[in-house]
>>> print(open('model.txt').read())   # compact mmCIF, C-alpha atoms
# COMPACT_ATOMS: atom_id res chain seq x y z
CA MET A 163 103.68 118.60 -182.48
CA ALA A 164 104.18 120.51 -179.25
CA ARG A 165 104.46 118.43 -176.10
CA SER A 166 101.29 118.55 -173.96
CA THR A 167 101.82 120.09 -170.55
CA THR A 168 98.65 118.73 -168.96
CA LEU A 169 97.03 115.35 -168.57
CA HIS A 170 93.55 116.77 -168.06
CA PRO A 171 91.00 116.90 -170.89
CA PRO A 172 89.58 120.29 -171.88
CA SER A 173 86.65 121.28 -169.69
CA SER A 174 84.34 121.18 -172.72
CA ALA A 175 85.11 117.51 -173.43
CA MET A 176 82.65 114.88 -172.23
CA PRO A 177 84.58 112.05 -170.46
CA GLY A 178 84.65 108.99 -172.68
CA SER A 179 83.09 110.67 -175.71
CA ASP A 180 86.39 111.13 -177.54
CA PHE A 181 87.26 107.47 -177.00
CA ALA A 182 83.79 106.34 -178.10
CA ARG A 183 84.21 108.12 -181.43
CA LEU A 184 87.68 106.62 -181.89
CA SER A 185 86.31 103.15 -181.06
CA ARG A 186 83.76 103.49 -183.83
CA LYS A 187 86.48 104.38 -186.32
CA ILE A 188 88.53 101.36 -185.25
CA ALA A 189 85.52 99.04 -185.39
CA ASP A 190 84.51 100.34 -188.82
CA ALA A 191 88.03 99.54 -190.05
CA GLY A 192 87.56 95.93 -188.89
CA LEU A 193 90.62 96.04 -186.63
CA MET A 194 89.04 94.31 -183.61
CA GLY A 195 88.44 91.06 -185.51
CA ARG A 196 90.35 87.92 -184.51
CA ARG A 197 93.39 86.78 -186.55
CA PRO A 198 93.32 82.97 -186.17
CA GLY A 199 95.63 82.30 -189.12
CA TYR A 200 98.27 84.71 -187.84
CA TYR A 201 98.24 83.28 -184.32
CA ALA A 202 98.19 79.68 -185.55
CA LEU A 203 101.37 80.39 -187.53
CA ARG A 204 103.00 82.39 -184.74
CA ILE A 205 102.26 79.76 -182.09
CA THR A 206 103.53 76.98 -184.37
CA VAL A 207 106.78 78.84 -185.10
CA VAL A 208 107.47 79.77 -181.47
CA ALA A 209 106.59 76.27 -180.23
CA GLY A 210 108.87 74.79 -182.89
CA LEU A 211 111.74 77.06 -181.86
CA TYR A 212 111.13 76.19 -178.19
CA VAL A 213 111.22 72.43 -178.79
CA GLY A 214 114.04 72.77 -181.31
CA GLY A 215 116.15 74.74 -178.85
CA TRP A 216 115.93 72.10 -176.16
CA ALA A 217 116.49 69.34 -178.74
CA THR A 218 119.67 71.15 -179.80
CA VAL A 219 120.86 71.21 -176.17
CA ALA A 220 120.39 67.43 -176.06
CA LEU A 221 122.23 66.96 -179.38
CA ILE A 222 125.20 69.18 -178.51
CA GLY A 223 125.44 67.86 -174.95
CA ASP A 224 128.72 68.29 -173.11
CA SER A 225 130.06 71.30 -175.02
CA TRP A 226 130.39 74.96 -174.20
CA TRP A 227 128.62 75.65 -177.49
CA THR A 228 125.43 74.95 -175.58
CA LEU A 229 125.76 78.47 -174.14
CA THR A 230 124.90 79.84 -177.59
CA VAL A 231 121.71 77.79 -177.41
CA ALA A 232 121.07 79.29 -173.97
CA ALA A 233 121.17 82.75 -175.58
CA PHE A 234 118.84 81.57 -178.35
CA LEU A 235 116.38 80.11 -175.82
CA ALA A 236 116.41 83.40 -173.89
CA VAL A 237 114.90 85.07 -176.95
CA VAL A 238 112.45 82.19 -177.45
CA PHE A 239 111.32 82.48 -173.80
CA GLY A 240 110.70 86.18 -174.43
CA GLN A 241 108.55 85.31 -177.44
CA VAL A 242 106.59 82.81 -175.34
CA ALA A 243 106.03 85.57 -172.76
CA LEU A 244 104.65 87.80 -175.53
CA LEU A 245 102.24 85.05 -176.58
CA ALA A 246 101.09 84.69 -172.94
CA HIS A 247 100.54 88.46 -172.92
CA ASP A 248 98.40 88.34 -176.06
CA ALA A 249 96.39 85.40 -174.73
CA ALA A 250 95.73 87.16 -171.42
CA HIS A 251 94.32 90.14 -173.33
CA ARG A 252 92.06 87.85 -175.38
CA GLN A 253 93.81 88.81 -178.56
CA VAL A 254 94.17 85.16 -179.57
CA PHE A 255 90.80 83.76 -178.45
CA ARG A 256 87.63 85.69 -177.73
CA ARG A 257 86.42 83.33 -174.98
CA ARG A 258 87.82 83.63 -171.45
CA ARG A 259 88.41 79.91 -170.88
CA ALA A 260 90.42 79.41 -174.07
CA SER A 261 92.43 82.53 -173.28
CA GLU A 262 93.22 81.38 -169.74
CA VAL A 263 94.16 77.85 -170.81
CA SER A 264 96.51 79.06 -173.54
CA GLY A 265 97.95 81.77 -171.28
CA ARG A 266 98.63 79.29 -168.49
CA ILE A 267 100.32 76.87 -170.88
CA ALA A 268 102.56 79.64 -172.20
CA GLY A 269 103.26 80.89 -168.67
CA ALA A 270 104.16 77.39 -167.52
CA GLY A 271 106.61 77.13 -170.41
CA ILE A 272 108.72 79.98 -169.01
CA GLY A 273 108.10 79.55 -165.27
CA MET A 274 105.65 82.42 -164.85
CA GLY A 275 102.60 82.40 -162.57
CA TYR A 276 99.78 83.32 -164.94
CA GLY A 277 97.29 84.43 -162.25
CA TRP A 278 99.81 86.69 -160.52
CA TRP A 279 100.97 88.29 -163.77
CA GLN A 280 97.44 88.79 -165.13
CA ASP A 281 96.30 90.50 -161.91
CA LYS A 282 99.34 92.79 -161.91
CA HIS A 283 99.09 93.61 -165.60
CA THR A 284 95.36 94.31 -165.45
CA ARG A 285 95.93 96.88 -162.69
CA HIS A 286 98.69 98.45 -164.78
CA HIS A 287 96.39 98.83 -167.78
CA ALA A 288 93.66 100.43 -165.67
CA ASN A 289 96.01 103.12 -164.32
CA PRO A 290 99.22 103.31 -166.37
CA ASN A 291 102.01 105.36 -164.83
CA HIS A 292 99.91 106.27 -161.79
CA GLU A 293 102.29 106.47 -158.85
CA ASP A 294 99.73 105.13 -156.37
CA LEU A 295 97.80 102.67 -158.54
CA ASP A 296 100.16 101.20 -161.14
CA PRO A 297 102.03 98.19 -159.67
CA ASP A 298 104.79 98.71 -162.25
CA LEU A 299 105.71 101.91 -160.35
CA ASP A 300 106.10 100.24 -156.96
CA PRO A 301 109.50 101.33 -155.56
CA ASP A 302 110.56 97.80 -154.61
CA LEU A 303 114.06 98.20 -156.07
CA LEU A 304 114.10 101.38 -158.19
CA VAL A 305 112.46 104.75 -157.60
CA TRP A 306 110.33 106.19 -160.38
CA SER A 307 109.81 109.74 -159.09
CA GLN A 308 111.59 112.21 -156.87
CA ASP A 309 108.84 111.84 -154.24
CA GLN A 310 109.59 108.12 -154.09
CA ALA A 311 113.31 108.90 -153.85
CA ARG A 312 112.77 111.18 -150.85
CA ALA A 313 110.77 108.48 -149.07
CA ALA A 314 113.05 105.60 -150.10
CA THR A 315 114.69 103.27 -147.59
CA GLY A 316 116.76 100.13 -147.93
CA LEU A 317 117.81 98.97 -151.40
CA PRO A 318 115.83 101.60 -153.36
CA ARG A 319 117.59 104.31 -151.38
CA LEU A 320 120.98 102.73 -152.00
CA ILE A 321 120.46 101.86 -155.67
CA GLY A 322 118.39 104.91 -156.58
CA ARG A 323 121.34 107.28 -156.63
CA TRP A 324 122.82 105.67 -159.74
CA GLN A 325 119.88 103.60 -160.95
CA ALA A 326 120.09 104.84 -164.53
CA PHE A 327 123.57 103.34 -164.82
CA LEU A 328 122.50 100.14 -163.05
CA PHE A 329 119.24 99.64 -164.94
CA PHE A 330 120.40 97.31 -167.70
CA PRO A 331 122.76 95.31 -165.43
CA LEU A 332 119.83 94.86 -163.03
CA LEU A 333 117.70 93.50 -165.87
CA THR A 334 119.88 90.37 -165.77
CA LEU A 335 117.97 89.53 -162.58
CA GLU A 336 114.52 90.10 -164.08
CA GLY A 337 114.10 86.49 -165.18
CA PHE A 338 114.83 85.28 -161.67
CA ASN A 339 112.54 87.97 -160.27
CA LEU A 340 109.72 86.70 -162.50
CA HIS A 341 110.05 83.23 -160.97
CA VAL A 342 110.41 84.45 -157.38
CA SER A 343 107.45 86.84 -157.65
CA SER A 344 105.32 84.07 -159.16
CA VAL A 345 106.11 81.75 -156.26
CA ARG A 346 105.55 84.45 -153.62
CA ALA A 347 102.16 85.25 -155.14
CA LEU A 348 100.96 81.72 -154.36
CA ALA A 349 100.46 82.92 -150.78
CA ASN A 350 97.94 85.52 -151.97
CA ARG A 351 94.53 83.97 -151.28
CA SER A 352 92.74 86.54 -153.41
CA LEU A 353 94.22 85.08 -156.60
CA LYS A 354 92.09 82.53 -158.40
CA HIS A 355 93.45 79.09 -159.35
CA ARG A 356 96.62 79.59 -157.34
CA ALA A 357 96.84 75.84 -156.65
CA LEU A 358 96.92 75.18 -160.39
CA ASP A 359 99.46 77.95 -160.87
CA GLY A 360 101.60 76.38 -158.15
CA VAL A 361 101.50 72.94 -159.76
CA LEU A 362 102.45 74.38 -163.16
CA LEU A 363 105.23 76.53 -161.69
CA PHE A 364 106.94 73.76 -159.76
CA ALA A 365 106.46 71.33 -162.66
CA HIS A 366 108.34 73.81 -164.85
CA PHE A 367 111.16 74.19 -162.32
CA ALA A 368 111.44 70.41 -161.87
CA VAL A 369 111.56 69.67 -165.61
CA TYR A 370 113.86 72.61 -166.40
CA LEU A 371 116.44 71.71 -163.74
CA THR A 372 116.22 67.97 -164.39
CA VAL A 373 116.88 68.45 -168.12
CA LEU A 374 119.82 70.76 -167.50
CA PHE A 375 121.57 68.67 -164.86
CA TRP A 376 120.85 65.43 -166.70
CA LEU A 377 122.17 66.60 -170.06
CA LEU A 378 125.08 68.75 -168.90
CA PRO A 379 127.94 68.52 -166.37
CA LEU A 380 127.37 70.47 -163.16
CA GLY A 381 129.48 73.53 -164.03
CA MET A 382 128.15 73.74 -167.56
CA ALA A 383 124.56 73.36 -166.36
CA ILE A 384 125.00 76.24 -163.91
CA ALA A 385 126.60 78.38 -166.64
CA PHE A 386 123.73 77.54 -169.02
CA LEU A 387 121.16 78.49 -166.38
CA ALA A 388 122.93 81.80 -165.68
CA VAL A 389 123.29 82.79 -169.34
CA HIS A 390 119.76 81.72 -170.21
CA GLN A 391 117.99 83.39 -167.29
CA CYS A 392 120.10 86.57 -167.34
CA LEU A 393 119.62 87.17 -171.06
CA PHE A 394 115.94 86.29 -170.77
CA GLY A 395 115.66 88.98 -168.09
CA VAL A 396 117.42 91.57 -170.26
CA TYR A 397 115.17 90.79 -173.23
CA LEU A 398 112.04 90.84 -171.09
CA GLY A 399 112.94 94.14 -169.46
CA SER A 400 113.91 95.66 -172.80
CA LEU A 401 110.44 94.81 -174.16
CA PHE A 402 108.67 96.89 -171.53
CA ALA A 403 111.15 99.68 -170.71
CA PRO A 404 110.38 101.87 -173.77
CA ASN A 405 106.63 101.89 -173.21
CA HIS A 406 105.99 104.20 -170.22
CA LYS A 407 109.29 105.08 -168.54
CA GLY A 408 110.00 108.76 -168.97
CA MET A 409 106.37 109.56 -169.71
CA PRO A 410 104.18 111.72 -167.39
CA ILE A 411 103.47 110.17 -163.99
CA LEU A 412 100.01 110.61 -162.49
CA LYS A 413 99.43 111.13 -158.77
CA GLY A 414 96.53 111.20 -156.34
CA GLU A 415 93.27 112.30 -157.97
CA ASP A 416 94.96 113.09 -161.28
CA ARG A 417 92.82 110.83 -163.48
CA PRO A 418 92.03 112.20 -166.94
CA ASP A 419 89.48 110.51 -169.19
CA PHE A 420 90.30 107.06 -170.57
CA LEU A 421 91.71 108.16 -173.92
CA ARG A 422 94.09 110.75 -172.46
CA ARG A 423 95.03 108.51 -169.54
CA GLN A 424 96.25 105.86 -171.99
CA VAL A 425 97.73 108.04 -174.74
CA LEU A 426 99.59 110.61 -172.65
CA THR A 427 101.32 108.05 -170.44
CA SER A 428 102.42 105.76 -173.29
CA ARG A 429 105.12 105.94 -175.94
CA ASN A 430 105.29 104.24 -179.32
CA VAL A 431 108.50 102.98 -180.89
CA ARG A 432 109.00 103.49 -184.60
CA GLY A 433 110.18 100.59 -186.73
CA GLY A 434 109.31 98.05 -189.37
CA ARG A 435 108.07 94.47 -189.30
CA LEU A 436 111.25 93.28 -187.58
CA THR A 437 110.55 95.68 -184.71
CA ASP A 438 107.01 94.32 -184.52
CA ILE A 439 108.37 90.78 -184.21
CA ALA A 440 111.12 91.64 -181.71
CA LEU A 441 108.80 93.69 -179.46
CA GLY A 442 105.70 91.60 -180.08
CA GLY A 443 103.63 94.59 -181.15
CA LEU A 444 104.29 96.39 -177.86
CA ASN A 445 106.08 99.04 -179.89
CA HIS A 446 102.53 100.20 -180.74
CA GLN A 447 101.96 100.81 -177.04
CA ILE A 448 99.44 103.62 -177.41
CA GLU A 449 97.14 101.55 -179.61
CA HIS A 450 97.59 98.51 -177.36
CA HIS A 451 96.59 100.47 -174.27
CA LEU A 452 93.56 101.95 -175.98
CA PHE A 453 92.44 98.59 -177.40
CA PRO A 454 94.05 95.81 -175.30
CA SER A 455 92.10 93.02 -177.00
CA MET A 456 93.09 94.12 -180.51
CA PRO A 457 95.24 91.38 -182.12
CA SER A 458 98.84 92.57 -182.25
CA PRO A 459 99.16 92.34 -186.07
CA ASN A 460 96.34 94.92 -186.38
CA LEU A 461 98.06 97.50 -184.21
CA ARG A 462 100.21 98.88 -187.04
CA ARG A 463 97.12 99.71 -189.10
CA ALA A 464 95.36 101.17 -186.06
CA ARG A 465 98.33 103.50 -185.48
CA THR A 466 97.48 105.60 -188.55
CA ILE A 467 93.90 106.11 -187.38
CA VAL A 468 94.80 106.80 -183.74
CA ARG A 469 97.62 109.20 -184.54
CA ARG A 470 95.49 111.28 -186.90
CA TYR A 471 92.63 111.30 -184.40
CA CYS A 472 94.92 112.49 -181.59
CA GLU A 473 96.30 115.23 -183.83
CA ASP A 474 92.74 116.42 -184.54
CA LEU A 475 92.02 116.50 -180.79
CA GLY A 476 95.31 118.19 -179.93
CA VAL A 477 96.33 115.25 -177.74
CA ASP A 478 100.07 114.64 -177.63
CA TYR A 479 101.01 111.39 -179.40
CA VAL A 480 104.59 110.43 -178.57
CA GLU A 481 106.58 108.21 -180.92
CA THR A 482 110.37 107.78 -180.99
CA GLY A 483 113.04 105.42 -182.24
CA LEU A 484 114.03 102.47 -180.04
CA ILE A 485 117.39 103.88 -178.91
CA THR A 486 115.79 107.24 -178.12
CA SER A 487 113.12 105.50 -176.04
CA TYR A 488 115.79 103.85 -173.90
CA ARG A 489 117.64 107.16 -173.56
CA LEU A 490 114.46 108.88 -172.36
CA ALA A 491 113.75 106.06 -169.91
CA LEU A 492 117.28 106.24 -168.46
CA THR A 493 117.15 110.04 -168.28
CA SER A 494 113.90 109.80 -166.34
CA LEU A 495 115.43 107.29 -163.92
CA HIS A 496 118.43 109.54 -163.37
CA GLN A 497 116.21 112.54 -162.66
CA ALA A 498 114.04 110.51 -160.28
CA GLY A 499 117.10 109.61 -158.22
CA ALA A 500 118.35 113.20 -157.96
CA PRO A 501 117.25 113.77 -154.32
CA LEU A 502 119.34 110.77 -153.25
CA ARG A 503 122.44 112.20 -154.87
CA ARG A 504 121.96 115.41 -152.90
CA THR A 505 121.94 113.51 -149.61
CA ARG A 506 124.52 111.18 -148.18
CA VAL A 507 123.34 107.57 -148.22
CA PRO A 508 124.61 105.59 -145.23
CA ALA A 509 126.78 102.61 -146.11
>>> encode(input="model.txt", output="structure tokens")
Amino acid sequence: MARSTTLHPPSSAMPGSDFARLSRKIADAGLMGRRPGYYALRITVVAGLYVGGWATVALIGDSWWTLTVAAFLAVVFGQVALLAHDAAHRQVFRRRRASEVSGRIAGAGIGMGYGWWQDKHTRHHANPNHEDLDPDLDPDLLVWSQDQARAATGLPRLIGRWQAFLFFPLLTLEGFNLHVSSVRALANRSLKHRALDGVLLFAHFAVYLTVLFWLLPLGMAIAFLAVHQCLFGVYLGSLFAPNHKGMPILKGEDRPDFLRRQVLTSRNVRGGRLTDIALGGLNHQIEHHLFPSMPSPNLRRARTIVRRYCEDLGVDYVETGLITSYRLALTSLHQAGAPLRRTRVPA
């Protein structure tokens, strides 16, 4: 299918009408129904791996083999983050209170402020890849467009020149950034339940550090922390990088109707059930953005309906392999930093 060159719907289309018709198709297929059995099994497995990982650290004790457990727990932490994501979208429970309680428990398990993340992620879903409105495009370290590159100062200006080459190394800091951002957000009085988030955050840090420095010698504990948090950051960043990076960026008043806003700024990743598990269903990013509360195991079935519907409308539906998605994301980062490579950046 030819790549769409515009994000605006045809003038004859009624805003929202295309999405309403798609919603009826999805509802008729029964894809918005809860999946309690699936989530009961998934939560049990992930919780078992979480507890089992820390139990293994205690059993192995003073041995450098514990670093392999650190790598294992990095993946488990990523899976817990995916469960927190599903809970926040009410994929697990329909009621708000149950969703918030389960999301906060999962967030506390990995040292993430649930209120901060939910606020940020909700704003992302409302305006994906919008340079002014999507918090995921804030140029706090990287630049996402050439306009941001031209206006960049400080670290973004320094890093932006070669950010495509630095992207994956920088992901090793993403786990630490998650913790720091969660703590900084506690000063934001507009966030609800920030006192509770603070208690859960610092309880996590206290238990995490106590367990490490109680079970392991000082040097080994520091090495465990570094391996665990750095690999957790790489996994976490790798989950989200394929979804929107390298897709069209909206600016100013460029706000197409809901269906096109979500589809044209998102990218799916092809793969089988293993890909679904590794990426937590986020590989079906288009369907997730159109129907955020759809349980993740239903997204694969929804893909067939959504793709055919987009083809009928002439709306570009982008789907690539995983490696290609990373290549496109890195290419986009390199292009965004081009203005900085044409100017001399002071040391």
>>> closest_residue(input="model.txt", among="A:Asp474, A:Asp438, A:Asp248, A:Asp294", to="A:Lys413", atoms="all atoms listed in the file")
A:Asp294
>>> atom_distance(input="model.txt", atom1="atom CA of A:Pro318", atom2="atom CA of A:His390")
26.4 Å
>>> residues_near_point(input="model.txt", point="(92.5, 89.0, -187.3)", cutoff="10 Å", atoms="only C-alpha atoms", output="PyMOL selection string")
chain A and resi 192-201+253-254+456-460
>>> closest_residue(input="model.txt", among="A:Ile267, A:Leu203, A:Ala385, A:Ala189", to="A:Trp227", atoms="all atoms listed in the file")
A:Ala385
>>> atom_distance(input="model.txt", atom1="atom CA of A:Gly408", atom2="atom CA of A:Gln497")
9.6 Å
>>> atom_distance(input="model.txt", atom1="atom CA of A:Ala268", atom2="atom CA of A:Leu244")
9.1 Å
>>> closest_residue(input="model.txt", among="A:Tyr488, A:Trp278, A:Tyr370, A:Tyr397", to="A:His355", atoms="all atoms listed in the file")
A:Trp278
>>> closest_residue(input="model.txt", among="A:Leu378, A:Ile411, A:Val431, A:Leu362", to="A:Gly483", atoms="only C-alpha atoms")
A:Val431
>>> residues_around(input="model.txt", residues="A:Thr486", least_positions_apart="3", cutoff="12 Å", atoms="all atoms listed in the file", output="list in words")
Ala403, Pro404, Asn405, Lys407, Gly408, Arg429, Asn430, Val431, Arg432, Val480, Glu481, Thr482, Gly483, Arg489, Leu490, Ala491, Leu492 and Thr493 of chain A
>>> residues_near_point(input="model.txt", point="(116.9, 102.0, -147.9)", cutoff="12 Å", atoms="only C-alpha atoms", output="PDB file with C-alpha atoms, keeping the file's coordinate frame")
ATOM      1  CA  PRO A 301     109.500 101.330-155.560  1.00  0.00           C
ATOM      2  CA  ASP A 302     110.560  97.800-154.610  1.00  0.00           C
ATOM      3  CA  LEU A 303     114.060  98.200-156.070  1.00  0.00           C
ATOM      4  CA  LEU A 304     114.100 101.380-158.190  1.00  0.00           C
ATOM      5  CA  VAL A 305     112.460 104.750-157.600  1.00  0.00           C
ATOM      6  CA  GLN A 310     109.590 108.120-154.090  1.00  0.00           C
ATOM      7  CA  ALA A 311     113.310 108.900-153.850  1.00  0.00           C
ATOM      8  CA  ARG A 312     112.770 111.180-150.850  1.00  0.00           C
ATOM      9  CA  ALA A 313     110.770 108.480-149.070  1.00  0.00           C
ATOM     10  CA  ALA A 314     113.050 105.600-150.100  1.00  0.00           C
ATOM     11  CA  THR A 315     114.690 103.270-147.590  1.00  0.00           C
ATOM     12  CA  GLY A 316     116.760 100.130-147.930  1.00  0.00           C
ATOM     13  CA  LEU A 317     117.810  98.970-151.400  1.00  0.00           C
ATOM     14  CA  PRO A 318     115.830 101.600-153.360  1.00  0.00           C
ATOM     15  CA  ARG A 319     117.590 104.310-151.380  1.00  0.00           C
ATOM     16  CA  LEU A 320     120.980 102.730-152.000  1.00  0.00           C
ATOM     17  CA  ILE A 321     120.460 101.860-155.670  1.00  0.00           C
ATOM     18  CA  GLY A 322     118.390 104.910-156.580  1.00  0.00           C
ATOM     19  CA  ARG A 323     121.340 107.280-156.630  1.00  0.00           C
ATOM     20  CA  LEU A 502     119.340 110.770-153.250  1.00  0.00           C
ATOM     21  CA  ARG A 506     124.520 111.180-148.180  1.00  0.00           C
ATOM     22  CA  VAL A 507     123.340 107.570-148.220  1.00  0.00           C
ATOM     23  CA  PRO A 508     124.610 105.590-145.230  1.00  0.00           C
ATOM     24  CA  ALA A 509     126.780 102.610-146.110  1.00  0.00           C
TER      25      ALA A 509
END
>>> axis_aligned_box(input="model.txt", around="stretch 348-367 of chain A", padding_each_side="6 Å", output="lines of an AutoDock Vina configuration file")
center_x = 101.6
center_y = 78.9
center_z = -157.8
size_x = 31.1
size_y = 27.2
size_z = 26.1
>>> residues_around(input="model.txt", residues="A:Gly434", least_positions_apart="4", cutoff="12 Å", atoms="all atoms listed in the file", output="list in words")
Asp438, Ile439, Ala440, Leu441, Gly442, Gly443, Asn445, His446, Arg462, Gly483 and Leu484 of chain A
>>> write_last_selection(input="model.txt", atoms="C-alpha atoms", output="mmCIF file, keeping the file's coordinate frame")
data_model
loop_
_atom_site.group_PDB
_atom_site.id
_atom_site.type_symbol
_atom_site.label_atom_id
_atom_site.label_comp_id
_atom_site.auth_asym_id
_atom_site.auth_seq_id
_atom_site.Cartn_x
_atom_site.Cartn_y
_atom_site.Cartn_z
ATOM 1 C CA ASP A 438 107.010 94.320 -184.520
ATOM 2 C CA ILE A 439 108.370 90.780 -184.210
ATOM 3 C CA ALA A 440 111.120 91.640 -181.710
ATOM 4 C CA LEU A 441 108.800 93.690 -179.460
ATOM 5 C CA GLY A 442 105.700 91.600 -180.080
ATOM 6 C CA GLY A 443 103.630 94.590 -181.150
ATOM 7 C CA ASN A 445 106.080 99.040 -179.890
ATOM 8 C CA HIS A 446 102.530 100.200 -180.740
ATOM 9 C CA ARG A 462 100.210 98.880 -187.040
ATOM 10 C CA GLY A 483 113.040 105.420 -182.240
ATOM 11 C CA LEU A 484 114.030 102.470 -180.040
#
>>> residues_around(input="model.txt", residues="A:Ala243", least_positions_apart="6", cutoff="9 Å", atoms="all atoms listed in the file", output="PyMOL selection string")
chain A and resi 268-269+271-272+274+398
>>> closest_residue(input="model.txt", among="A:Ile485, A:Phe329, A:Ser179, A:Asp300", to="A:Gly433", atoms="all atoms listed in the file")
A:Ile485
>>> residues_around(input="model.txt", residues="A:Ala209", least_positions_apart="5", cutoff="9 Å", atoms="all atoms listed in the file", output="MDAnalysis selection string")
chainID A and resid 204 214 238 242
>>> closest_residue(input="model.txt", among="A:Arg266, A:Lys354, A:His496, A:Arg469", to="A:Ser307", atoms="only C-alpha atoms")
A:His496
>>> decode(input="model.txt", residues="stretch 366-372 of chain A", atoms="all heavy atoms", output="PDB file, in the first residue's frame")
ATOM      1  N   HIS A 366       9.675   0.778  48.220  1.00  0.00           N
ATOM      2  CA  HIS A 366      10.358  -0.071  47.234  1.00  0.00           C
ATOM      3  C   HIS A 366      11.869   0.130  47.320  1.00  0.00           C
ATOM      4  O   HIS A 366      12.626  -0.855  47.364  1.00  0.00           O
ATOM      5  CB  HIS A 366       9.883   0.272  45.820  1.00  0.00           C
ATOM      6  CG  HIS A 366      10.729  -0.362  44.751  1.00  0.00           C
ATOM      7  ND1 HIS A 366      10.509  -1.628  44.259  1.00  0.00           N
ATOM      8  CD2 HIS A 366      11.837   0.111  44.086  1.00  0.00           C
ATOM      9  CE1 HIS A 366      11.419  -1.920  43.357  1.00  0.00           C
ATOM     10  NE2 HIS A 366      12.229  -0.889  43.221  1.00  0.00           N
ATOM     11  N   PHE A 367      12.312   1.388  47.308  1.00  0.00           N
ATOM     12  CA  PHE A 367      13.748   1.649  47.354  1.00  0.00           C
ATOM     13  C   PHE A 367      14.374   1.059  48.616  1.00  0.00           C
ATOM     14  O   PHE A 367      15.463   0.470  48.569  1.00  0.00           O
ATOM     15  CB  PHE A 367      14.011   3.159  47.309  1.00  0.00           C
ATOM     16  CG  PHE A 367      13.521   3.827  46.050  1.00  0.00           C
ATOM     17  CD1 PHE A 367      13.067   5.146  46.076  1.00  0.00           C
ATOM     18  CD2 PHE A 367      13.505   3.154  44.841  1.00  0.00           C
ATOM     19  CE1 PHE A 367      12.609   5.767  44.929  1.00  0.00           C
ATOM     20  CE2 PHE A 367      13.058   3.761  43.678  1.00  0.00           C
ATOM     21  CZ  PHE A 367      12.605   5.075  43.724  1.00  0.00           C
ATOM     22  N   ALA A 368      13.694   1.216  49.755  1.00  0.00           N
ATOM     23  CA  ALA A 368      14.228   0.725  51.025  1.00  0.00           C
ATOM     24  C   ALA A 368      14.353  -0.802  51.011  1.00  0.00           C
ATOM     25  O   ALA A 368      15.394  -1.360  51.399  1.00  0.00           O
ATOM     26  CB  ALA A 368      13.331   1.171  52.177  1.00  0.00           C
ATOM     27  N   VAL A 369      13.307  -1.484  50.560  1.00  0.00           N
ATOM     28  CA  VAL A 369      13.336  -2.954  50.532  1.00  0.00           C
ATOM     29  C   VAL A 369      14.356  -3.444  49.511  1.00  0.00           C
ATOM     30  O   VAL A 369      15.148  -4.362  49.798  1.00  0.00           O
ATOM     31  CB  VAL A 369      11.932  -3.514  50.216  1.00  0.00           C
ATOM     32  CG1 VAL A 369      12.003  -5.024  49.984  1.00  0.00           C
ATOM     33  CG2 VAL A 369      10.959  -3.190  51.341  1.00  0.00           C
ATOM     34  N   TYR A 370      14.360  -2.855  48.331  1.00  0.00           N
ATOM     35  CA  TYR A 370      15.270  -3.266  47.255  1.00  0.00           C
ATOM     36  C   TYR A 370      16.728  -3.160  47.710  1.00  0.00           C
ATOM     37  O   TYR A 370      17.513  -4.113  47.587  1.00  0.00           O
ATOM     38  CB  TYR A 370      15.016  -2.380  46.040  1.00  0.00           C
ATOM     39  CG  TYR A 370      15.871  -2.654  44.823  1.00  0.00           C
ATOM     40  CD1 TYR A 370      15.465  -3.565  43.858  1.00  0.00           C
ATOM     41  CD2 TYR A 370      17.084  -1.992  44.621  1.00  0.00           C
ATOM     42  CE1 TYR A 370      16.235  -3.815  42.726  1.00  0.00           C
ATOM     43  CE2 TYR A 370      17.865  -2.237  43.505  1.00  0.00           C
ATOM     44  CZ  TYR A 370      17.438  -3.148  42.560  1.00  0.00           C
ATOM     45  OH  TYR A 370      18.212  -3.387  41.443  1.00  0.00           O
ATOM     46  N   LEU A 371      17.102  -2.003  48.248  1.00  0.00           N
ATOM     47  CA  LEU A 371      18.498  -1.794  48.651  1.00  0.00           C
ATOM     48  C   LEU A 371      18.862  -2.619  49.874  1.00  0.00           C
ATOM     49  O   LEU A 371      19.984  -3.149  49.967  1.00  0.00           O
ATOM     50  CB  LEU A 371      18.736  -0.307  48.919  1.00  0.00           C
ATOM     51  CG  LEU A 371      18.619   0.598  47.685  1.00  0.00           C
ATOM     52  CD1 LEU A 371      18.736   2.064  48.089  1.00  0.00           C
ATOM     53  CD2 LEU A 371      19.682   0.254  46.649  1.00  0.00           C
ATOM     54  N   THR A 372      17.927  -2.771  50.798  1.00  0.00           N
ATOM     55  CA  THR A 372      18.194  -3.579  51.996  1.00  0.00           C
ATOM     56  C   THR A 372      18.458  -5.027  51.616  1.00  0.00           C
ATOM     57  O   THR A 372      19.407  -5.651  52.119  1.00  0.00           O
ATOM     58  CB  THR A 372      17.009  -3.504  52.978  1.00  0.00           C
ATOM     59  OG1 THR A 372      16.833  -2.154  53.400  1.00  0.00           O
ATOM     60  CG2 THR A 372      17.257  -4.386  54.194  1.00  0.00           C
TER      61      THR A 372
END
